[in-house]
Amino acid sequence: MDLRTYDEVDPEAVAWLNRVALGYDLSPARVTKARRLDPRVPPEFAWYTCEDGRPVAQVAYLLLPVRTTKGREIAGGIAAVCTLPEAIRRGHAQTLMRHIHALLRERGVDLGILATGRARVAYGMYGSLGYQDLVRFRLACGRLPPWRGRSLRARPLRASDRDGIHRAFERRVRGALGFVERPGNLVGLREAWGDVAPKEVRALLRDGRMEGYAWCRRGPPLEIEELVAPSARRLAWTARVSRGKEFSMLLSPRDPAGPFEVAELQVLESWGVLMAVDLTGRRSARGLRRLLGVDEGRFEALALDLF
């Protein structure tokens, strides 16, 4: 198979590949911006298999810092796996995945990780490459009474909120393992990628002081992808952000179900799953769970890091 990097193919053909296969606008301008701003992007950006010189399949990855029981490591975060319809079931994605795994091993990266859906065709392919379920994501769904207090206020982000967002995140992940190290302006990076619209993230203020943030996609129902605020007021903030409307909220691995169930919300397992593989073959799925503190309740993975 003809394997090439992003710089070795037609960027407009890549843009069409992503529109057709992912419904995603990966324009050349967006790639240029992401490469300039995002320190997690590798030099080659992404890899492609080509037929007659045209890219028909893609696998990208990011070099993601993770904290483990052994200290800080870099994981290969697999992303944007896609194939044009006329090229499916010819081994393109598997070839690209194996190629990237080899590159990661050469760079001293032992851990591969990705987020996907168990209902997707690719889920079986990842399993055949050694990936194992690490965390199955849950949703809290339902409706809360509108928040009537005046002390909590949500407003659009300002440029000056960047440090406040990062401080709120660091308070949230203190003592945790997993995805607990972020670039200081991850929201801005995700906006540069086009994954987050500027109006989707709001600052959460209590008595005029910022104490968290919420990333929401308007529905219906409202989808609260990530809400970071003090645990004692998490339900209050959820009620404030949802404004009495039906919503679903993605729970992190460290979010206990109890408070949401007491509030008469349903806590349901979603199709979403985080998968991982030891690229050296030395650690089993159980070993990876121990490495990341999954079963001890120490593993953290929030939506801005994964989706």
# chains A, B, ... in the order shown; residues from 1 in each chain; ligands from 1

call {"tool": "select_by_dssp", "arguments": {"residues": "stretch 49-222 of chain A", "states": "alpha helix (DSSP H)", "output": "PyMOL selection string"}}
result
chain A and resi 92-106+121-128+162-173+186-193

call {"tool": "closest_atom_pairs", "arguments": {"of": "stretch 88-152 of chain A", "to": "stretch 46-66 of chain A", "cutoff": "9 Å", "atoms": "only C-alpha atoms", "output": "Markdown table"}}
result
| residue | atom | partner | partner_atom | distance |
| --- | --- | --- | --- | --- |
| A:Ile88 | CA | A:Ala57 | CA | 8.7 |
| A:His92 | CA | A:Ala57 | CA | 6.2 |
| A:Ala93 | CA | A:Ala57 | CA | 6.5 |
| A:Thr95 | CA | A:Thr49 | CA | 8.3 |
| A:Leu96 | CA | A:Val59 | CA | 6.3 |
| A:Met97 | CA | A:Val59 | CA | 6.9 |
| A:His99 | CA | A:Trp47 | CA | 8.8 |
| A:Ile100 | CA | A:Trp47 | CA | 8.0 |
| A:Val109 | CA | A:Leu63 | CA | 8.8 |

call {"tool": "write_last_selection", "arguments": {"atoms": "C-alpha atoms", "output": "PDB file, in the first residue's frame"}}
result
ATOM      1  CA  ILE A  88     -13.633  -0.016   2.830  1.00  0.00           C
ATOM      2  CA  HIS A  92      -6.435   0.504   4.720  1.00  0.00           C
ATOM      3  CA  ALA A  93      -7.208   1.517   8.307  1.00  0.00           C
ATOM      4  CA  THR A  95      -2.353  -0.836   7.700  1.00  0.00           C
ATOM      5  CA  LEU A  96      -2.271   2.778   8.877  1.00  0.00           C
ATOM      6  CA  MET A  97      -2.851   1.820  12.503  1.00  0.00           C
ATOM      7  CA  HIS A  99       2.279   1.819  10.786  1.00  0.00           C
ATOM      8  CA  ILE A 100       1.539   4.469  13.420  1.00  0.00           C
ATOM      9  CA  VAL A 109       5.716   5.594  23.299  1.00  0.00           C
TER      10      VAL A 109
END

call {"tool": "residues_around", "arguments": {"residues": "A:Val180", "least_positions_apart": "6", "cutoff": "12 Å", "atoms": "only C-alpha atoms", "output": "PDB file with N, CA and C atoms, in the first residue's frame"}}
result
ATOM      1  N   LEU A  64      -0.110  12.694  23.569  1.00  0.00           N
ATOM      2  CA  LEU A  64      -0.858  13.173  24.730  1.00  0.00           C
ATOM      3  C   LEU A  64      -0.133  12.831  26.032  1.00  0.00           C
ATOM      4  N   PRO A  65       0.122  13.818  26.884  1.00  0.00           N
ATOM      5  CA  PRO A  65       0.693  13.505  28.194  1.00  0.00           C
ATOM      6  C   PRO A  65      -0.344  12.865  29.102  1.00  0.00           C
ATOM      7  N   VAL A  66       0.040  11.802  29.775  1.00  0.00           N
ATOM      8  CA  VAL A  66      -0.829  11.151  30.766  1.00  0.00           C
ATOM      9  C   VAL A  66      -0.010  10.894  32.023  1.00  0.00           C
ATOM     10  N   ARG A  67      -0.682  10.916  33.157  1.00  0.00           N
ATOM     11  CA  ARG A  67      -0.027  10.603  34.413  1.00  0.00           C
ATOM     12  C   ARG A  67      -0.420   9.191  34.816  1.00  0.00           C
ATOM     13  N   THR A  68       0.574   8.386  35.149  1.00  0.00           N
ATOM     14  CA  THR A  68       0.348   6.999  35.530  1.00  0.00           C
ATOM     15  C   THR A  68       0.938   6.762  36.922  1.00  0.00           C
ATOM     16  N   GLY A  71       4.501   7.664  36.877  1.00  0.00           N
ATOM     17  CA  GLY A  71       4.904   9.022  36.547  1.00  0.00           C
ATOM     18  C   GLY A  71       4.302   9.486  35.235  1.00  0.00           C
ATOM     19  N   ARG A  72       4.868  10.515  34.670  1.00  0.00           N
ATOM     20  CA  ARG A  72       4.358  11.104  33.429  1.00  0.00           C
ATOM     21  C   ARG A  72       4.807  10.277  32.227  1.00  0.00           C
ATOM     22  N   GLU A  73       3.869   9.970  31.345  1.00  0.00           N
ATOM     23  CA  GLU A  73       4.175   9.273  30.095  1.00  0.00           C
ATOM     24  C   GLU A  73       3.504  10.012  28.940  1.00  0.00           C
ATOM     25  N   HIS A 166      -8.085  27.021  33.457  1.00  0.00           N
ATOM     26  CA  HIS A 166      -7.012  26.077  33.745  1.00  0.00           C
ATOM     27  C   HIS A 166      -6.911  25.815  35.245  1.00  0.00           C
ATOM     28  N   ARG A 167      -7.104  26.838  36.056  1.00  0.00           N
ATOM     29  CA  ARG A 167      -7.054  26.623  37.510  1.00  0.00           C
ATOM     30  C   ARG A 167      -8.199  25.717  37.971  1.00  0.00           C
ATOM     31  N   ALA A 168      -9.393  25.928  37.399  1.00  0.00           N
ATOM     32  CA  ALA A 168     -10.534  25.070  37.767  1.00  0.00           C
ATOM     33  C   ALA A 168     -10.258  23.623  37.388  1.00  0.00           C
ATOM     34  N   PHE A 169      -9.666  23.413  36.218  1.00  0.00           N
ATOM     35  CA  PHE A 169      -9.321  22.052  35.793  1.00  0.00           C
ATOM     36  C   PHE A 169      -8.287  21.437  36.735  1.00  0.00           C
ATOM     37  N   GLU A 170      -7.274  22.193  37.093  1.00  0.00           N
ATOM     38  CA  GLU A 170      -6.226  21.650  37.964  1.00  0.00           C
ATOM     39  C   GLU A 170      -6.770  21.307  39.344  1.00  0.00           C
ATOM     40  N   ARG A 171      -7.713  22.094  39.845  1.00  0.00           N
ATOM     41  CA  ARG A 171      -8.342  21.738  41.122  1.00  0.00           C
ATOM     42  C   ARG A 171      -9.117  20.433  40.985  1.00  0.00           C
ATOM     43  N   ARG A 172      -9.783  20.281  39.850  1.00  0.00           N
ATOM     44  CA  ARG A 172     -10.593  19.081  39.609  1.00  0.00           C
ATOM     45  C   ARG A 172      -9.741  17.817  39.589  1.00  0.00           C
ATOM     46  N   VAL A 173      -8.566  17.859  38.975  1.00  0.00           N
ATOM     47  CA  VAL A 173      -7.789  16.641  38.735  1.00  0.00           C
ATOM     48  C   VAL A 173      -6.679  16.430  39.763  1.00  0.00           C
ATOM     49  N   ARG A 174      -6.636  17.249  40.810  1.00  0.00           N
ATOM     50  CA  ARG A 174      -5.581  17.105  41.809  1.00  0.00           C
ATOM     51  C   ARG A 174      -5.603  15.693  42.415  1.00  0.00           C
ATOM     52  N   LEU A 292      -3.092   3.002  35.230  1.00  0.00           N
ATOM     53  CA  LEU A 292      -3.846   4.255  35.177  1.00  0.00           C
ATOM     54  C   LEU A 292      -4.798   4.429  36.359  1.00  0.00           C
ATOM     55  N   ARG A 298      -9.082   6.468  40.416  1.00  0.00           N
ATOM     56  CA  ARG A 298      -8.147   7.595  40.260  1.00  0.00           C
ATOM     57  C   ARG A 298      -8.027   8.081  38.824  1.00  0.00           C
ATOM     58  N   PHE A 299      -8.576   7.335  37.876  1.00  0.00           N
ATOM     59  CA  PHE A 299      -8.401   7.674  36.459  1.00  0.00           C
ATOM     60  C   PHE A 299      -9.384   8.764  36.041  1.00  0.00           C
ATOM     61  N   GLU A 300      -8.841   9.815  35.419  1.00  0.00           N
ATOM     62  CA  GLU A 300      -9.669  10.927  34.940  1.00  0.00           C
ATOM     63  C   GLU A 300      -9.536  11.076  33.438  1.00  0.00           C
ATOM     64  N   ALA A 301     -10.676  11.278  32.777  1.00  0.00           N
ATOM     65  CA  ALA A 301     -10.705  11.527  31.338  1.00  0.00           C
ATOM     66  C   ALA A 301     -11.927  12.392  31.063  1.00  0.00           C
ATOM     67  N   LEU A 302     -11.704  13.645  30.726  1.00  0.00           N
ATOM     68  CA  LEU A 302     -12.792  14.584  30.463  1.00  0.00           C
ATOM     69  C   LEU A 302     -12.939  14.811  28.959  1.00  0.00           C
ATOM     70  N   LEU A 304     -13.066  17.345  26.829  1.00  0.00           N
ATOM     71  CA  LEU A 304     -12.190  18.201  26.023  1.00  0.00           C
ATOM     72  C   LEU A 304     -10.900  17.498  25.642  1.00  0.00           C
ATOM     73  N   ASP A 305     -10.495  16.513  26.440  1.00  0.00           N
ATOM     74  CA  ASP A 305      -9.285  15.763  26.135  1.00  0.00           C
ATOM     75  C   ASP A 305      -9.512  14.681  25.087  1.00  0.00           C
TER      76      ASP A 305
END

call {"tool": "closest_residue", "arguments": {"among": "A:Arg217, A:Arg254, A:Arg155, A:Arg98", "to": "A:Leu205", "atoms": "only C-alpha atoms"}}
result
A:Arg155

call {"tool": "residues_around", "arguments": {"residues": "A:Val196", "least_positions_apart": "3", "cutoff": "10 Å", "atoms": "only C-alpha atoms", "output": "list of chain:residue names"}}
result
A:Val187, A:Gly188, A:Leu189, A:Arg190, A:Glu191, A:Ala192, A:Trp193, A:Lys199, A:Glu200, A:Val201, A:Trp215, A:Cys216, A:Arg217, A:Leu304, A:Phe307

call {"tool": "closest_residue", "arguments": {"among": "A:Gly178, A:Gly281, A:Gly297, A:Gly258", "to": "A:Lys70", "atoms": "only C-alpha atoms"}}
result
A:Gly178

call {"tool": "residues_around", "arguments": {"residues": "A:Arg209", "least_positions_apart": "6", "cutoff": "10 Å", "atoms": "only C-alpha atoms", "output": "PyMOL selection string"}}
result
chain A and resi 151-153+164+203

call {"tool": "closest_residue", "arguments": {"among": "A:Leu306, A:Val121, A:Leu157, A:Cys82", "to": "A:Val273", "atoms": "only C-alpha atoms"}}
result
A:Leu306

call {"tool": "residues_around", "arguments": {"residues": "A:Leu111", "least_positions_apart": "5", "cutoff": "8 Å", "atoms": "only C-alpha atoms", "output": "MDAnalysis selection string"}}
result
chainID A and resid 74:76 276:279

call {"tool": "residues_around", "arguments": {"residues": "A:Arg240", "least_positions_apart": "2", "cutoff": "10 Å", "atoms": "only C-alpha atoms", "output": "JSON, numbers by chain"}}
result
{"A": [144, 145, 146, 147, 148, 149, 150, 152, 153, 154, 204, 234, 235, 236, 237, 238, 242, 243, 244]}

call {"tool": "select_by_dssp", "arguments": {"residues": "stretch 79-217 of chain A", "states": "strand (DSSP E)", "output": "PyMOL selection string"}}
result
chain A and resi 79-83+111-117+132-142+152-156+177-178+201-206+209-217

call {"tool": "write_last_selection", "arguments": {"atoms": "N, CA and C atoms", "output": "CSV table (one decimal), in the first residue's frame"}}
result
chain,number,residue,atom,x,y,z
A,79,ALA,N,-6.8,9.2,16.4
A,79,ALA,CA,-8.0,10.1,16.1
A,79,ALA,C,-8.2,10.1,14.6
A,80,ALA,N,-9.4,10.5,14.3
A,80,ALA,CA,-9.8,10.8,12.9
A,80,ALA,C,-9.6,9.6,11.9
A,81,VAL,N,-9.9,8.4,12.4
A,81,VAL,CA,-9.8,7.2,11.6
A,81,VAL,C,-10.9,7.2,10.6
A,82,CYS,N,-10.6,7.1,9.3
A,82,CYS,CA,-11.7,7.1,8.3
A,82,CYS,C,-11.3,6.6,7.0
A,83,THR,N,-12.2,6.1,6.2
A,83,THR,CA,-12.0,5.5,4.9
A,83,THR,C,-13.1,5.9,4.0
A,111,LEU,N,2.1,3.4,25.1
A,111,LEU,CA,0.6,3.4,25.3
A,111,LEU,C,-0.1,4.0,24.1
A,112,GLY,N,-1.0,3.2,23.6
A,112,GLY,CA,-2.0,3.7,22.5
A,112,GLY,C,-3.3,3.8,23.1
A,113,ILE,N,-4.1,4.9,22.8
A,113,ILE,CA,-5.4,5.1,23.4
A,113,ILE,C,-6.3,5.8,22.4
A,114,LEU,N,-7.6,5.5,22.5
A,114,LEU,CA,-8.5,6.1,21.6
A,114,LEU,C,-9.9,6.1,22.2
A,115,ALA,N,-10.8,7.0,21.7
A,115,ALA,CA,-12.2,7.0,22.1
A,115,ALA,C,-13.0,6.6,20.9
A,116,THR,N,-14.0,5.8,21.1
A,116,THR,CA,-14.8,5.3,20.0
A,116,THR,C,-16.2,4.9,20.5
A,117,GLY,N,-17.0,4.4,19.6
A,117,GLY,CA,-18.3,3.9,20.0
A,117,GLY,C,-18.4,2.4,19.8
A,132,GLN,N,-8.2,-2.8,24.2
A,132,GLN,CA,-9.1,-3.3,25.2
A,132,GLN,C,-9.9,-2.2,25.8
A,133,ASP,N,-11.2,-2.4,26.2
A,133,ASP,CA,-12.0,-1.4,26.8
A,133,ASP,C,-11.3,-1.0,28.1
A,134,LEU,N,-11.1,0.3,28.3
A,134,LEU,CA,-10.5,0.8,29.6
A,134,LEU,C,-11.6,1.4,30.4
A,135,VAL,N,-12.5,2.3,29.8
A,135,VAL,CA,-13.6,2.9,30.5
A,135,VAL,C,-14.8,3.0,29.5
A,136,ARG,N,-15.9,2.6,30.0
A,136,ARG,CA,-17.2,2.8,29.3
A,136,ARG,C,-17.9,4.0,29.8
A,137,PHE,N,-18.2,5.0,29.0
A,137,PHE,CA,-18.7,6.3,29.5
A,137,PHE,C,-20.2,6.2,29.8
A,138,ARG,N,-20.5,7.0,30.9
A,138,ARG,CA,-21.9,7.0,31.3
A,138,ARG,C,-22.5,8.4,31.1
A,139,LEU,N,-23.8,8.4,31.0
A,139,LEU,CA,-24.6,9.7,30.9
A,139,LEU,C,-25.5,9.8,32.0
A,140,ALA,N,-25.6,11.0,32.6
A,140,ALA,CA,-26.7,11.4,33.5
A,140,ALA,C,-27.8,12.1,32.7
A,141,CYS,N,-29.0,11.6,32.7
A,141,CYS,CA,-30.0,12.1,31.8
A,141,CYS,C,-31.3,12.5,32.6
A,142,GLY,N,-32.0,13.5,32.1
A,142,GLY,CA,-33.2,13.9,32.8
A,142,GLY,C,-33.4,15.4,32.8
A,152,LEU,N,-25.2,32.1,41.5
A,152,LEU,CA,-24.6,31.4,40.4
A,152,LEU,C,-25.0,32.0,39.1
A,153,ARG,N,-24.0,32.3,38.3
A,153,ARG,CA,-24.2,32.9,37.0
A,153,ARG,C,-23.3,32.3,35.9
A,154,ALA,N,-23.8,32.0,34.8
A,154,ALA,CA,-23.0,31.5,33.7
A,154,ALA,C,-23.0,32.6,32.6
A,155,ARG,N,-21.8,32.9,32.0
A,155,ARG,CA,-21.7,33.9,31.0
A,155,ARG,C,-20.7,33.4,29.9
A,156,PRO,N,-20.8,34.0,28.7
A,156,PRO,CA,-19.8,33.6,27.7
A,156,PRO,C,-18.4,33.8,28.1
A,177,LEU,N,-5.0,10.4,38.2
A,177,LEU,CA,-4.2,9.9,37.1
A,177,LEU,C,-4.9,10.0,35.8
A,178,GLY,N,-4.2,9.8,34.7
A,178,GLY,CA,-4.8,9.8,33.4
A,178,GLY,C,-4.6,11.2,32.7
A,201,VAL,N,-18.7,27.1,25.3
A,201,VAL,CA,-18.1,27.1,26.6
A,201,VAL,C,-18.5,28.3,27.4
A,202,ARG,N,-18.9,28.1,28.6
A,202,ARG,CA,-19.3,29.3,29.4
A,202,ARG,C,-18.6,29.3,30.8
A,203,ALA,N,-18.3,30.4,31.2
A,203,ALA,CA,-17.6,30.6,32.5
A,203,ALA,C,-18.7,30.5,33.6
A,204,LEU,N,-18.4,29.8,34.7
A,204,LEU,CA,-19.3,29.7,35.8
A,204,LEU,C,-18.8,30.5,37.0
A,205,LEU,N,-19.7,31.5,37.4
A,205,LEU,CA,-19.3,32.4,38.4
A,205,LEU,C,-20.2,32.3,39.6
A,206,ARG,N,-19.6,32.3,40.8
A,206,ARG,CA,-20.3,32.3,42.0
A,206,ARG,C,-20.0,33.6,42.8
A,209,ARG,N,-17.2,35.5,41.1
A,209,ARG,CA,-15.9,35.0,41.0
A,209,ARG,C,-16.0,33.7,40.2
A,210,MET,N,-15.1,33.5,39.3
A,210,MET,CA,-15.1,32.3,38.4
A,210,MET,C,-14.7,31.1,39.2
A,211,GLU,N,-15.5,30.0,39.2
A,211,GLU,CA,-15.1,28.8,39.9
A,211,GLU,C,-15.2,27.6,39.0
A,212,GLY,N,-15.5,27.7,37.7
A,212,GLY,CA,-15.5,26.6,36.8
A,212,GLY,C,-16.0,27.0,35.4
A,213,TYR,N,-16.3,26.0,34.6
A,213,TYR,CA,-16.7,26.2,33.3
A,213,TYR,C,-17.6,25.1,32.8
A,214,ALA,N,-18.3,25.3,31.8
A,214,ALA,CA,-19.2,24.2,31.2
A,214,ALA,C,-19.1,24.3,29.7
A,215,TRP,N,-18.9,23.1,29.1
A,215,TRP,CA,-18.9,23.0,27.6
A,215,TRP,C,-20.2,22.3,27.3
A,216,CYS,N,-21.1,23.0,26.6
A,216,CYS,CA,-22.4,22.4,26.3
A,216,CYS,C,-22.7,22.6,24.8
A,217,ARG,N,-23.4,21.5,24.3
A,217,ARG,CA,-23.9,21.6,22.9
A,217,ARG,C,-25.4,21.7,23.0

call {"tool": "decode", "arguments": {"residues": "stretch 175-194 of chain A", "atoms": "N, CA and C atoms", "output": "PDB file, in the first residue's frame"}}
result
ATOM      1  N   GLY A 175      -4.490  15.010  42.364  1.00  0.00           N
ATOM      2  CA  GLY A 175      -4.376  13.662  42.917  1.00  0.00           C
ATOM      3  C   GLY A 175      -4.843  12.558  41.989  1.00  0.00           C
ATOM      4  N   ALA A 176      -5.321  12.917  40.790  1.00  0.00           N
ATOM      5  CA  ALA A 176      -5.835  11.917  39.858  1.00  0.00           C
ATOM      6  C   ALA A 176      -4.739  11.445  38.906  1.00  0.00           C
ATOM      7  N   LEU A 177      -5.050  10.368  38.178  1.00  0.00           N
ATOM      8  CA  LEU A 177      -4.190   9.859  37.118  1.00  0.00           C
ATOM      9  C   LEU A 177      -4.915  10.012  35.786  1.00  0.00           C
ATOM     10  N   GLY A 178      -4.191   9.758  34.714  1.00  0.00           N
ATOM     11  CA  GLY A 178      -4.825   9.820  33.393  1.00  0.00           C
ATOM     12  C   GLY A 178      -4.593  11.165  32.722  1.00  0.00           C
ATOM     13  N   PHE A 179      -5.652  11.722  32.158  1.00  0.00           N
ATOM     14  CA  PHE A 179      -5.539  12.957  31.381  1.00  0.00           C
ATOM     15  C   PHE A 179      -5.645  14.159  32.309  1.00  0.00           C
ATOM     16  N   VAL A 180      -4.576  14.430  33.007  1.00  0.00           N
ATOM     17  CA  VAL A 180      -4.586  15.490  34.017  1.00  0.00           C
ATOM     18  C   VAL A 180      -3.595  16.604  33.686  1.00  0.00           C
ATOM     19  N   GLU A 181      -2.923  16.501  32.537  1.00  0.00           N
ATOM     20  CA  GLU A 181      -2.017  17.555  32.085  1.00  0.00           C
ATOM     21  C   GLU A 181      -2.516  18.069  30.749  1.00  0.00           C
ATOM     22  N   ARG A 182      -2.858  19.355  30.722  1.00  0.00           N
ATOM     23  CA  ARG A 182      -3.387  19.959  29.504  1.00  0.00           C
ATOM     24  C   ARG A 182      -2.537  21.170  29.099  1.00  0.00           C
ATOM     25  N   PRO A 183      -2.517  21.477  27.797  1.00  0.00           N
ATOM     26  CA  PRO A 183      -2.017  22.794  27.411  1.00  0.00           C
ATOM     27  C   PRO A 183      -2.863  23.870  28.093  1.00  0.00           C
ATOM     28  N   GLY A 184      -2.244  24.980  28.445  1.00  0.00           N
ATOM     29  CA  GLY A 184      -2.946  26.001  29.209  1.00  0.00           C
ATOM     30  C   GLY A 184      -4.181  26.554  28.544  1.00  0.00           C
ATOM     31  N   ASN A 185      -4.242  26.488  27.214  1.00  0.00           N
ATOM     32  CA  ASN A 185      -5.389  27.038  26.498  1.00  0.00           C
ATOM     33  C   ASN A 185      -6.058  25.956  25.661  1.00  0.00           C
ATOM     34  N   LEU A 186      -6.440  24.844  26.314  1.00  0.00           N
ATOM     35  CA  LEU A 186      -7.018  23.739  25.557  1.00  0.00           C
ATOM     36  C   LEU A 186      -8.321  24.143  24.875  1.00  0.00           C
ATOM     37  N   VAL A 187      -9.136  24.967  25.518  1.00  0.00           N
ATOM     38  CA  VAL A 187     -10.380  25.405  24.875  1.00  0.00           C
ATOM     39  C   VAL A 187     -10.063  26.134  23.580  1.00  0.00           C
ATOM     40  N   GLY A 188      -9.069  27.020  23.616  1.00  0.00           N
ATOM     41  CA  GLY A 188      -8.683  27.730  22.401  1.00  0.00           C
ATOM     42  C   GLY A 188      -8.150  26.799  21.327  1.00  0.00           C
ATOM     43  N   LEU A 189      -7.410  25.778  21.737  1.00  0.00           N
ATOM     44  CA  LEU A 189      -6.905  24.801  20.765  1.00  0.00           C
ATOM     45  C   LEU A 189      -8.049  24.036  20.122  1.00  0.00           C
ATOM     46  N   ARG A 190      -9.028  23.634  20.936  1.00  0.00           N
ATOM     47  CA  ARG A 190     -10.170  22.906  20.380  1.00  0.00           C
ATOM     48  C   ARG A 190     -11.000  23.793  19.462  1.00  0.00           C
ATOM     49  N   GLU A 191     -11.054  25.083  19.747  1.00  0.00           N
ATOM     50  CA  GLU A 191     -11.726  26.012  18.833  1.00  0.00           C
ATOM     51  C   GLU A 191     -10.958  26.110  17.521  1.00  0.00           C
ATOM     52  N   ALA A 192      -9.608  26.118  17.607  1.00  0.00           N
ATOM     53  CA  ALA A 192      -8.787  26.175  16.389  1.00  0.00           C
ATOM     54  C   ALA A 192      -9.019  24.952  15.513  1.00  0.00           C
ATOM     55  N   TRP A 193      -9.202  23.791  16.139  1.00  0.00           N
ATOM     56  CA  TRP A 193      -9.491  22.560  15.403  1.00  0.00           C
ATOM     57  C   TRP A 193     -10.907  22.582  14.832  1.00  0.00           C
ATOM     58  N   GLY A 194     -11.770  23.420  15.375  1.00  0.00           N
ATOM     59  CA  GLY A 194     -13.162  23.428  14.945  1.00  0.00           C
ATOM     60  C   GLY A 194     -14.023  22.445  15.701  1.00  0.00           C
TER      61      GLY A 194
END
